[in-house]
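K.L.:
Here you go, this is input34.pdb (PDB, C-alpha atoms).
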MODEL        1
ATOM      1  CA  MET A 171      17.024  11.835 -19.909
ATOM      2  CA  LEU A 172      19.045  11.590 -16.766
ATOM      3  CA  ASP A 173      20.331   8.349 -15.317
ATOM      4  CA  GLU A 174      17.716   5.985 -13.946
ATOM      5  CA  PRO A 175      18.635   6.136 -10.217
ATOM      6  CA  ILE A 176      18.461   9.951 -10.199
ATOM      7  CA  ARG A 177      15.130   9.877 -12.052
ATOM      8  CA  ILE A 178      13.709   7.440  -9.518
ATOM      9  CA  LEU A 179      14.838   9.604  -6.581
ATOM     10  CA  ILE A 180      13.380  12.777  -8.086
ATOM     11  CA  ALA A 181      10.135  10.908  -8.862
ATOM     12  CA  ALA A 182      10.121   9.700  -5.223
ATOM     13  CA  LEU A 183      10.301  13.312  -4.025
ATOM     14  CA  ILE A 184       7.479  14.363  -6.359
ATOM     15  CA  CYS A 185       5.283  11.460  -5.194
ATOM     16  CA  TRP A 186       6.101  12.183  -1.530
ATOM     17  CA  PHE A 187       4.999  15.794  -1.854
ATOM     18  CA  ASN A 188       1.899  14.871  -3.822
ATOM     19  CA  PHE A 189       0.550  12.389  -1.324
ATOM     20  CA  MET A 190       1.638  14.319   1.781
ATOM     21  CA  ILE A 191       0.038  17.570   0.624
ATOM     22  CA  ILE A 192      -3.235  15.917  -0.393
ATOM     23  CA  ASP A 193      -3.420  13.867   2.819
ATOM     24  CA  LEU A 194      -2.716  16.922   4.982
ATOM     25  CA  ILE A 195      -5.338  18.947   3.103
ATOM     26  CA  PHE A 196      -7.902  16.196   3.684
ATOM     27  CA  LYS A 197      -7.072  16.185   7.424
ATOM     28  CA  LEU A 198      -5.945  12.585   7.664
ATOM     29  CA  PRO A 199      -3.864  13.147  10.836
ATOM     30  CA  GLU A 200      -6.792  14.664  12.688
ATOM     31  CA  ARG A 201      -8.548  11.505  13.832
ATOM     32  CA  GLY A 202      -8.734   7.831  13.049
ATOM     33  CA  GLY A 203     -11.265   7.056  10.351
ATOM     34  CA  VAL A 204     -12.100   3.571  11.612
ATOM     35  CA  SER A 205     -11.423   1.817  14.922
ATOM     36  CA  GLY A 206      -8.451  -0.012  13.420
ATOM     37  CA  ALA A 207      -6.700   3.267  12.582
ATOM     38  CA  THR A 208      -7.216   4.475  16.161
ATOM     39  CA  ALA A 209      -5.740   1.220  17.485
ATOM     40  CA  ILE A 210      -2.637   1.620  15.339
ATOM     41  CA  ALA A 211      -2.282   5.255  16.468
ATOM     42  CA  GLN A 212      -2.448   4.251  20.126
ATOM     43  CA  GLU A 213       0.203   1.578  19.669
ATOM     44  CA  VAL A 214       2.464   4.032  17.824
ATOM     45  CA  GLU A 215       2.055   6.511  20.673
ATOM     46  CA  LYS A 216       2.908   3.817  23.211
ATOM     47  CA  GLY A 217       6.121   3.204  21.304
ATOM     48  CA  GLY A 218       7.151   6.842  21.611
ATOM     49  CA  GLY A 219       5.545   8.522  18.621
ATOM     50  CA  LYS A 220       3.034  11.315  18.331
ATOM     51  CA  LEU A 221      -0.689  10.595  18.230
ATOM     52  CA  ASN A 222      -1.464  12.694  15.126
ATOM     53  CA  GLY A 223       1.262  10.957  13.175
ATOM     54  CA  GLY A 224      -0.140   7.637  14.296
ATOM     55  CA  TYR A 225      -3.616   8.628  13.101
ATOM     56  CA  MET A 226      -2.287   9.328   9.620
ATOM     57  CA  MET A 227      -0.308   6.080   9.518
ATOM     58  CA  GLY A 228      -3.385   4.178  10.683
ATOM     59  CA  ASN A 229      -5.547   5.873   8.066
ATOM     60  CA  ILE A 230      -3.033   4.972   5.361
ATOM     61  CA  VAL A 231      -3.205   1.311   6.443
ATOM     62  CA  SER A 232      -6.999   1.141   6.729
ATOM     63  CA  SER A 233      -8.171   2.750   3.535
ATOM     64  CA  PRO A 234      -6.802   3.730   0.109
ATOM     65  CA  ASP A 235      -5.638   7.303   0.600
ATOM     66  CA  ALA A 236      -3.598   9.654  -1.586
ATOM     67  CA  SER A 237      -0.528   7.395  -1.320
ATOM     68  CA  ALA A 238      -2.480   4.475  -2.785
ATOM     69  CA  GLY A 239      -3.958   6.835  -5.344
ATOM     70  CA  THR A 240      -0.531   8.011  -6.447
ATOM     71  CA  LEU A 241       0.760   4.455  -6.767
ATOM     72  CA  LEU A 242      -2.227   3.226  -8.770
ATOM     73  CA  ALA A 243      -2.134   6.352 -10.944
ATOM     74  CA  SER A 244       1.507   5.632 -11.823
ATOM     75  CA  CYS A 245       0.635   1.996 -12.587
ATOM     76  CA  GLY A 246      -2.292   3.182 -14.706
ATOM     77  CA  VAL A 247      -0.221   5.616 -16.730
ATOM     78  CA  TYR A 248       2.506   2.974 -17.156
ATOM     79  CA  CYS A 249       0.054   0.359 -18.465
ATOM     80  CA  ALA A 250      -2.362   2.446 -20.516
ATOM     81  CA  GLY A 251      -1.446   6.138 -20.591
ATOM     82  CA  LEU A 252      -3.812   8.890 -19.471
ATOM     83  CA  PRO A 253      -7.035   6.788 -19.711
ATOM     84  CA  GLY A 254      -5.267   4.168 -17.578
ATOM     85  CA  GLY A 255      -4.673   6.694 -14.832
ATOM     86  CA  LEU A 256      -8.288   7.821 -14.841
ATOM     87  CA  PHE A 257      -9.463   4.197 -14.781
ATOM     88  CA  ALA A 258      -7.211   3.720 -11.734
ATOM     89  CA  ALA A 259      -8.928   6.743 -10.130
ATOM     90  CA  LEU A 260     -12.281   5.034 -10.610
ATOM     91  CA  LEU A 261     -10.955   1.835  -9.004
ATOM     92  CA  VAL A 262      -9.567   3.845  -6.057
ATOM     93  CA  TYR A 263     -12.978   5.497  -5.620
ATOM     94  CA  ILE A 264     -14.645   2.060  -5.522
ATOM     95  CA  GLY A 265     -11.993   0.875  -3.068
ATOM     96  CA  ASN A 266     -12.701   3.812  -0.781
ATOM     97  CA  ARG A 267     -16.391   2.951  -0.691
ATOM     98  CA  ILE A 268     -15.680  -0.730  -0.027
ATOM     99  CA  CYS A 269     -13.500   0.217   2.973
ATOM    100  CA  TYR A 270     -16.264   2.393   4.498
ATOM    101  CA  ASP A 271     -14.251   5.530   3.928
ATOM    102  CA  PRO A 272     -16.432   8.574   3.230
ATOM    103  CA  GLY A 273     -13.510  10.748   2.118
ATOM    104  CA  TYR A 274     -12.081  11.675  -1.248
ATOM    105  CA  ALA A 275      -8.365  11.802  -0.417
ATOM    106  CA  GLY A 276      -7.608   8.701  -2.478
ATOM    107  CA  THR A 277      -9.524   9.747  -5.573
ATOM    108  CA  THR A 278      -8.117  13.292  -5.493
ATOM    109  CA  GLY A 279      -4.563  12.035  -5.004
ATOM    110  CA  CYS A 280      -5.036   9.623  -7.901
ATOM    111  CA  ILE A 281      -6.313  12.277 -10.289
ATOM    112  CA  THR A 282      -3.586  14.799  -9.467
ATOM    113  CA  ALA A 283      -0.938  12.075  -9.695
ATOM    114  CA  THR A 284      -2.301  10.943 -13.086
ATOM    115  CA  PHE A 285      -1.801  14.394 -14.538
ATOM    116  CA  ILE A 286       1.591  14.846 -12.895
ATOM    117  CA  VAL A 287       2.911  11.489 -14.127
ATOM    118  CA  TYR A 288       1.417  11.887 -17.599
ATOM    119  CA  GLY A 289       2.904  15.366 -17.895
ATOM    120  CA  ALA A 290       6.299  14.153 -16.716
ATOM    121  CA  VAL A 291       6.279  11.291 -19.225
ATOM    122  CA  GLN A 292       5.135  13.532 -22.084
ATOM    123  CA  SER A 293       7.842  16.090 -21.279
ATOM    124  CA  GLY A 294      10.391  13.386 -21.987
ATOM    125  CA  TRP A 295      12.289  13.664 -18.717
ATOM    126  CA  PHE A 296      10.825  10.638 -16.932
ATOM    127  CA  ALA A 297       9.467   7.196 -17.637
ATOM    128  CA  ALA A 298       6.276   6.082 -15.899
ATOM    129  CA  SER A 299       8.097   3.196 -14.197
ATOM    130  CA  ASP A 300      10.227   5.745 -12.305
ATOM    131  CA  PHE A 301       7.109   6.964 -10.541
ATOM    132  CA  ILE A 302       6.076   3.459  -9.517
ATOM    133  CA  ALA A 303       9.451   2.812  -7.891
ATOM    134  CA  GLY A 304       9.476   6.378  -6.551
ATOM    135  CA  MET A 305       6.119   5.976  -4.831
ATOM    136  CA  VAL A 306       7.236   2.703  -3.200
ATOM    137  CA  ILE A 307      10.342   4.499  -1.880
ATOM    138  CA  ALA A 308       8.183   7.401  -0.640
ATOM    139  CA  ILE A 309       5.836   5.126   1.319
ATOM    140  CA  LEU A 310       8.868   3.270   2.687
ATOM    141  CA  THR A 311      10.102   6.501   4.279
ATOM    142  CA  ILE A 312       6.765   7.066   6.018
ATOM    143  CA  GLN A 313       5.572   3.585   6.992
ATOM    144  CA  GLY A 314       8.591   1.384   6.637
ATOM    145  CA  LEU A 315      11.516   2.876   8.511
ATOM    146  CA  SER A 316      10.677   4.081  11.998
ATOM    147  CA  SER A 317       7.149   4.684  13.183
ATOM    148  CA  VAL A 318       8.446   6.925  15.965
ATOM    149  CA  TYR A 319      10.297   9.421  13.761
ATOM    150  CA  ALA A 320       7.755   9.289  10.952
ATOM    151  CA  SER A 321       4.894  10.072  13.333
ATOM    152  CA  ARG A 322       6.853  12.979  14.797
ATOM    153  CA  LEU A 323       7.491  14.376  11.312
ATOM    154  CA  ILE A 324       3.825  14.041  10.377
ATOM    155  CA  ALA A 325       2.730  15.706  13.628
ATOM    156  CA  ARG A 326       5.034  18.642  12.907
ATOM    157  CA  LEU A 327       3.698  18.996   9.356
ATOM    158  CA  TRP A 328       0.154  18.751  10.710
ATOM    159  CA  LYS A 329       0.827  21.706  13.048
ATOM    160  CA  ILE A 330       2.171  23.739  10.118
ATOM    161  CA  ARG A 331      -0.887  22.829   8.035
ATOM    162  CA  CYS A 332      -3.247  23.874  10.822
ATOM    163  CA  ARG A 333      -1.579  27.242  10.995
ATOM    164  CA  LEU A 334      -1.666  27.793   7.234
ATOM    165  CA  LEU A 335      -5.179  26.589   6.428
ATOM    166  CA  ARG A 336      -7.844  26.852   9.027
ATOM    167  CA  GLY A 337     -10.362  24.180   9.859
ATOM    168  CA  CYS A 338      -8.722  21.782  12.308
ATOM    169  CA  THR A 339      -9.987  21.143  15.777
TER
ATOM    170  CA  MET B 208      15.077  -1.193 -15.876
ATOM    171  CA  ILE B 209      15.855  -1.058 -12.202
ATOM    172  CA  ALA B 210      12.405   0.062 -11.044
ATOM    173  CA  ILE B 211      11.255  -3.531 -10.582
ATOM    174  CA  TYR B 212      14.422  -4.419  -8.649
ATOM    175  CA  VAL B 213      13.789  -1.494  -6.289
ATOM    176  CA  CYS B 214      10.272  -2.791  -5.607
ATOM    177  CA  ALA B 215      11.537  -6.357  -5.060
ATOM    178  CA  VAL B 216      14.237  -5.303  -2.576
ATOM    179  CA  ILE B 217      11.837  -3.071  -0.649
ATOM    180  CA  ALA B 218       9.288  -5.926  -0.498
ATOM    181  CA  VAL B 219      11.804  -8.322   1.075
ATOM    182  CA  TYR B 220      13.064  -5.648   3.509
ATOM    183  CA  ALA B 221       9.542  -4.805   4.647
ATOM    184  CA  ALA B 222       8.656  -8.507   5.013
ATOM    185  CA  LEU B 223      11.663  -8.964   7.313
ATOM    186  CA  ARG B 224      10.553  -5.923   9.340
ATOM    187  CA  VAL B 225       7.057  -7.463   9.600
ATOM    188  CA  ILE B 226       8.271 -10.652  11.216
ATOM    189  CA  THR B 227      10.878  -9.061  13.479
ATOM    190  CA  GLU B 228       8.434  -6.534  14.964
ATOM    191  CA  ARG B 229       7.011  -7.673  18.298
ATOM    192  CA  ASN B 230       3.946  -5.493  18.589
ATOM    193  CA  THR B 231       1.055  -6.751  16.463
ATOM    194  CA  MET B 232      -0.408  -3.357  15.559
ATOM    195  CA  ARG B 233       2.978  -1.953  14.612
ATOM    196  CA  LYS B 234       3.423  -4.787  12.105
ATOM    197  CA  LEU B 235       0.595  -3.422   9.983
ATOM    198  CA  PRO B 236       2.420  -0.390   8.498
ATOM    199  CA  PHE B 237       5.222  -2.727   7.355
ATOM    200  CA  LEU B 238       2.640  -5.053   5.809
ATOM    201  CA  ASN B 239       1.262  -2.011   3.993
ATOM    202  CA  VAL B 240       4.722  -1.401   2.492
ATOM    203  CA  VAL B 241       4.787  -5.036   1.280
ATOM    204  CA  SER B 242       1.447  -4.466  -0.443
ATOM    205  CA  PHE B 243       2.686  -1.293  -2.131
ATOM    206  CA  ALA B 244       5.811  -3.047  -3.365
ATOM    207  CA  VAL B 245       3.985  -6.127  -4.685
ATOM    208  CA  THR B 246       1.414  -3.903  -6.438
ATOM    209  CA  GLY B 247       4.344  -2.163  -8.144
ATOM    210  CA  ILE B 248       5.866  -5.521  -9.114
ATOM    211  CA  ILE B 249       2.552  -6.702 -10.602
ATOM    212  CA  ALA B 250       2.216  -3.559 -12.715
ATOM    213  CA  LEU B 251       5.837  -3.629 -13.878
ATOM    214  CA  LEU B 252       5.805  -7.316 -14.864
ATOM    215  CA  LEU B 253       3.018  -7.147 -17.433
ATOM    216  CA  PRO B 254       2.108  -3.760 -18.965
ATOM    217  CA  HIS B 255      -1.398  -4.508 -20.200
ATOM    218  CA  PRO B 256      -4.533  -2.430 -19.468
ATOM    219  CA  ILE B 257      -6.137  -5.226 -17.480
ATOM    220  CA  THR B 258      -3.073  -5.300 -15.209
ATOM    221  CA  ILE B 259      -4.344  -2.024 -13.701
ATOM    222  CA  ALA B 260      -7.452  -3.876 -12.532
ATOM    223  CA  ALA B 261      -5.367  -6.754 -11.131
ATOM    224  CA  ALA B 262      -3.015  -4.402  -9.285
ATOM    225  CA  ALA B 263      -5.901  -2.317  -7.937
ATOM    226  CA  ALA B 264      -7.836  -5.433  -6.888
ATOM    227  CA  TYR B 265      -4.789  -6.785  -5.050
ATOM    228  CA  PHE B 266      -4.110  -3.463  -3.350
ATOM    229  CA  VAL B 267      -7.691  -2.783  -2.275
ATOM    230  CA  GLY B 268      -8.039  -6.398  -1.101
ATOM    231  CA  SER B 269      -4.911  -6.216   1.010
ATOM    232  CA  THR B 270      -5.961  -2.844   2.457
ATOM    233  CA  LEU B 271      -9.377  -4.282   3.332
ATOM    234  CA  GLU B 272      -7.675  -7.243   4.995
ATOM    235  CA  SER B 273      -5.362  -5.037   7.105
ATOM    236  CA  ASN B 274      -8.348  -2.898   8.029
ATOM    237  CA  ALA B 275     -10.262  -5.993   9.166
ATOM    238  CA  ILE B 276      -7.313  -7.288  11.194
ATOM    239  CA  ALA B 277      -6.833  -3.916  12.917
ATOM    240  CA  SER B 278     -10.547  -3.456  13.591
ATOM    241  CA  THR B 279     -10.994  -6.954  15.024
ATOM    242  CA  TRP B 280      -7.875  -6.621  17.178
ATOM    243  CA  SER B 281      -9.082  -3.330  18.595
ATOM    244  CA  GLY B 282     -12.284  -4.983  19.673
ATOM    245  CA  GLY B 283     -14.965  -3.921  17.321
ATOM    246  CA  ILE B 284     -16.219  -2.959  13.936
ATOM    247  CA  ARG B 285     -18.130   0.278  14.295
ATOM    248  CA  LYS B 286     -21.822  -0.560  14.134
ATOM    249  CA  PRO B 287     -23.532   1.514  11.398
TER
ATOM    250  CA  MET C 299      -5.149 -15.110 -20.819
ATOM    251  CA  VAL C 300      -2.472 -12.576 -21.758
ATOM    252  CA  ARG C 301       0.746 -14.264 -22.713
ATOM    253  CA  GLY C 302       3.854 -13.140 -20.793
ATOM    254  CA  TYR C 303       5.392  -9.824 -21.811
ATOM    255  CA  GLN C 304       8.750 -10.852 -20.416
ATOM    256  CA  GLU C 305       9.317 -14.431 -21.394
ATOM    257  CA  THR C 306      11.537 -15.115 -18.404
ATOM    258  CA  MET C 307      10.978 -13.422 -15.089
ATOM    259  CA  ASN C 308      13.947 -11.466 -13.838
ATOM    260  CA  ASP C 309      15.924 -13.578 -11.432
ATOM    261  CA  ILE C 310      15.894 -10.980  -8.700
ATOM    262  CA  VAL C 311      12.109 -10.651  -8.797
ATOM    263  CA  MET C 312      11.690 -14.426  -8.672
ATOM    264  CA  VAL C 313      14.107 -14.747  -5.739
ATOM    265  CA  ALA C 314      12.312 -11.919  -3.926
ATOM    266  CA  SER C 315       8.916 -13.593  -4.384
ATOM    267  CA  VAL C 316      10.238 -16.942  -3.157
ATOM    268  CA  LEU C 317      11.768 -15.170  -0.148
ATOM    269  CA  LEU C 318       8.419 -13.553   0.610
ATOM    270  CA  ILE C 319       6.745 -16.959   0.519
ATOM    271  CA  LEU C 320       9.379 -18.537   2.767
ATOM    272  CA  ILE C 321       9.418 -15.637   5.222
ATOM    273  CA  GLY C 322       5.635 -15.626   5.451
ATOM    274  CA  MET C 323       5.514 -19.404   5.872
ATOM    275  CA  THR C 324       8.116 -19.639   8.649
ATOM    276  CA  ALA C 325       6.622 -16.690  10.505
ATOM    277  CA  ALA C 326       3.144 -18.217  10.260
ATOM    278  CA  ILE C 327       4.463 -21.469  11.736
ATOM    279  CA  PHE C 328       6.410 -19.927  14.601
ATOM    280  CA  ASN C 329       4.112 -17.091  15.669
ATOM    281  CA  ARG C 330       1.837 -17.778  18.636
ATOM    282  CA  ASP C 331      -0.704 -14.980  18.456
ATOM    283  CA  PRO C 332      -3.438 -15.704  15.852
ATOM    284  CA  PHE C 333      -3.407 -12.118  14.569
ATOM    285  CA  ASP C 334       0.319 -12.420  13.915
ATOM    286  CA  LYS C 335      -0.344 -15.636  12.027
ATOM    287  CA  LEU C 336      -2.905 -13.907   9.810
ATOM    288  CA  ILE C 337      -0.469 -11.099   9.081
ATOM    289  CA  SER C 338       2.207 -13.628   8.106
ATOM    290  CA  LEU C 339      -0.245 -15.391   5.799
ATOM    291  CA  SER C 340      -0.801 -12.029   4.146
ATOM    292  CA  VAL C 341       2.945 -11.792   3.477
ATOM    293  CA  LEU C 342       2.882 -15.315   2.029
ATOM    294  CA  ILE C 343       0.074 -14.597  -0.430
ATOM    295  CA  ALA C 344       1.857 -11.387  -1.418
ATOM    296  CA  GLY C 345       4.774 -13.537  -2.538
ATOM    297  CA  VAL C 346       2.563 -15.794  -4.644
ATOM    298  CA  PHE C 347       1.070 -12.985  -6.716
ATOM    299  CA  PRO C 348       4.019 -12.157  -8.994
ATOM    300  CA  PHE C 349       4.081 -15.777 -10.165
ATOM    301  CA  ILE C 350       0.399 -15.670 -11.113
ATOM    302  CA  VAL C 351       0.750 -12.383 -12.997
ATOM    303  CA  GLU C 352       3.972 -13.307 -14.766
ATOM    304  CA  ARG C 353       2.342 -16.190 -16.609
ATOM    305  CA  GLY C 354      -0.406 -13.911 -17.918
ATOM    306  CA  PHE C 355      -3.243 -15.217 -15.738
ATOM    307  CA  LEU C 356      -4.669 -11.789 -14.996
ATOM    308  CA  ASP C 357      -8.201 -13.099 -14.450
ATOM    309  CA  VAL C 358      -6.885 -15.621 -11.896
ATOM    310  CA  ALA C 359      -4.974 -12.750 -10.264
ATOM    311  CA  ILE C 360      -8.087 -10.573  -9.960
ATOM    312  CA  ALA C 361     -10.121 -13.481  -8.575
ATOM    313  CA  THR C 362      -7.436 -14.487  -6.029
ATOM    314  CA  ALA C 363      -6.949 -10.874  -4.993
ATOM    315  CA  LEU C 364     -10.631 -10.610  -4.131
ATOM    316  CA  ILE C 365     -11.067 -14.055  -2.556
ATOM    317  CA  ALA C 366      -8.000 -14.209  -0.272
ATOM    318  CA  PRO C 367      -8.854 -11.125   1.839
ATOM    319  CA  LEU C 368     -12.475 -12.277   2.043
ATOM    320  CA  SER C 369     -11.320 -15.566   3.540
ATOM    321  CA  THR C 370      -9.294 -13.658   6.152
ATOM    322  CA  ILE C 371     -12.330 -11.524   6.976
ATOM    323  CA  PHE C 372     -14.522 -14.614   7.381
ATOM    324  CA  THR C 373     -11.845 -16.226   9.603
ATOM    325  CA  LEU C 374     -11.870 -13.118  11.793
ATOM    326  CA  MET C 375     -15.649 -13.124  11.982
ATOM    327  CA  VAL C 376     -15.698 -16.780  13.070
ATOM    328  CA  CYS C 377     -12.989 -16.218  15.704
ATOM    329  CA  ARG C 378     -14.787 -13.232  17.132
ATOM    330  CA  ARG C 379     -18.013 -15.124  17.486
ATOM    331  CA  VAL C 380     -16.280 -18.022  19.237
ATOM    332  CA  GLN C 381     -14.661 -15.604  21.723
ATOM    333  CA  VAL C 382     -17.878 -13.720  22.449
TER
ENDMDL
END
Now that the file is in, can you turn its structure into structure tokens?

P.N.:
Amino acid sequence: MLDEPIRILIAALICWFNFMIIDLIFKLPERGGVSGATAIAQEVEKGGGKLNGGYMMGNIVSSPDASAGTLLASCGVYCAGLPGGLFAALLVYIGNRICYDPGYAGTTGCITATFIVYGAVQSGWFAASDFIAGMVIAILTIQGLSSVYASRLIARLWKIRCRLLRGCT
Amino acid sequence: MIAIYVCAVIAVYAALRVITERNTMRKLPFLNVVSFAVTGIIALLLPHPITIAAAAAYFVGSTLESNAIASTWSGGIRKP
Amino acid sequence: MVRGYQETMNDIVMVASVLLILIGMTAAIFNRDPFDKLISLSVLIAGVFPFIVERGFLDVAIATALIAPLSTIFTLMVCRRVQV
């Protein structure tokens, strides 16, 4: 096994890609799911960011999405192995319904993250705790540093996604 | 095991960003980071299967709370 | 309920939780806007959680995690009705 700081940074990259790809596939930056997400997006735009990036940040705040799913999957695998991760997916699904969210981004992100984390732990290269810290670092880069630059990055990725897969307005 | 220290440091950093931000709606993403970090701390403190339920309950509860704050601030919960 | 896995909490985690409580408390006192106060209370309760979990009280943790946001939601509902 490598040193712990390197493992955590690599796990952060893996978690970042997992939740970004799933959220972009499920069209989170397209519109605000609830009125609160739209409010956050408008305030981010007033501060100099892009509206689509603000929509995704607002959706992350308002409802458990793939980022929450990845975090809870890592906690599940850390506490109880593969069944723990799947139990976390069930709890994320219930959380989505409680927050009035009709989508499946959270549950899908949780299931994919469960298999990724379990596979990484079984391969012997990582420990499950690396993914917990990694996911917290990943969400820090999106929500916790600068809403202006993060929303611009998300808007750019959203344009790329719309060109690759069709189906955005 | 430095994973729990990473979560603790990020939690304090995000809490400081919450209180130094002027705009109310822009505080909410930083509060979301605090929730992520504290969920990680809960799971790393006590590796027991029921901890998954405690961490998930805390995270979903805090998400629901942020959602309610944002919806009420913006002037309305969408009527079904 | 479940006795502590780590018998003593790491010092850094304990200091971080106490800092969260203090930061949330001072911000809640000095903020004017009621929404800002609610957000600061959220930070405060986030700092209390590691202490509950560290002692093994997972059932208390689950109950608090479900009750605290509900109390915020009821506060918001009352304030909205008073305004309207």

K.L.:
Just need the residues of chain C within 6 Å of chain B, counting only C-alpha atoms, so spit them out as an NGL selection string.

P.N.:
:C and (303 or 311 or 314 or 348 or 360 or 363-364 or 367)

K.L.:
Considering only C-alpha atoms, state which residue in the set A:Leu335, A:Ile268, A:Ala259, A:Trp186 is at the smallest distance from chain C.

P.N.:
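With only C-alpha atoms as the atom set, the closest residue is A:Ile268.
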
K.L.:
Could you please determine the separation between atom CA of C:Leu339 and atom CA of B:Phe237 in Å, to one decimal place?

P.N.:
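A separation of 13.9 Å between them.
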
K.L.:
Using only C-alpha atoms, what residues lie at most 8 Å away from (2.4, -12.5, 13.6) (file coordinates), given as a list in words?

P.N.:
Val225, Ile226, Thr231 and Lys234 of chain B; Ala325, Ala326, Asn329, Arg330, Asp331, Pro332, Phe333, Asp334, Lys335, Leu336, Ile337 and Ser338 of chain C

K.L.:
For C-alpha atoms, I'd like the residues from the last selection saved as an mmCIF file, keeping the file's coordinate frame.

P.N.:
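Output contents, as saved in again.cif:
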data_model
loop_
_atom_site.group_PDB
_atom_site.id
_atom_site.type_symbol
_atom_site.label_atom_id
_atom_site.label_comp_id
_atom_site.auth_asym_id
_atom_site.auth_seq_id
_atom_site.Cartn_x
_atom_site.Cartn_y
_atom_site.Cartn_z
ATOM 1 C CA VAL B 225 7.057 -7.463 9.600
ATOM 2 C CA ILE B 226 8.271 -10.652 11.216
ATOM 3 C CA THR B 231 1.055 -6.751 16.463
ATOM 4 C CA LYS B 234 3.423 -4.787 12.105
ATOM 5 C CA ALA C 325 6.622 -16.690 10.505
ATOM 6 C CA ALA C 326 3.144 -18.217 10.260
ATOM 7 C CA ASN C 329 4.112 -17.091 15.669
ATOM 8 C CA ARG C 330 1.837 -17.778 18.636
ATOM 9 C CA ASP C 331 -0.704 -14.980 18.456
ATOM 10 C CA PRO C 332 -3.438 -15.704 15.852
ATOM 11 C CA PHE C 333 -3.407 -12.118 14.569
ATOM 12 C CA ASP C 334 0.319 -12.420 13.915
ATOM 13 C CA LYS C 335 -0.344 -15.636 12.027
ATOM 14 C CA LEU C 336 -2.905 -13.907 9.810
ATOM 15 C CA ILE C 337 -0.469 -11.099 9.081
ATOM 16 C CA SER C 338 2.207 -13.628 8.106
#

K.L.:
Closest to chain C among A:Cys249, A:Pro199, A:Asn229, A:Ile302, using only C-alpha atoms?

P.N.:
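When distances to chain C are compared using only C-alpha atoms, the smallest one comes from A:Cys249.
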
K.L.:
Please compute the atom CA of C:Ser315-atom CA of C:Val346 distance, one decimal, in Å.

P.N.:
6.7 Å

K.L.:
Select residues of chain A: the criterion is any atom within 6 Å of an atom of chain B, counting all atoms listed in the file; output as an NGL selection string.

P.N.:
:A and (205-206 or 209-210 or 232 or 245-246 or 249-250 or 265 or 303 or 306 or 313-314)
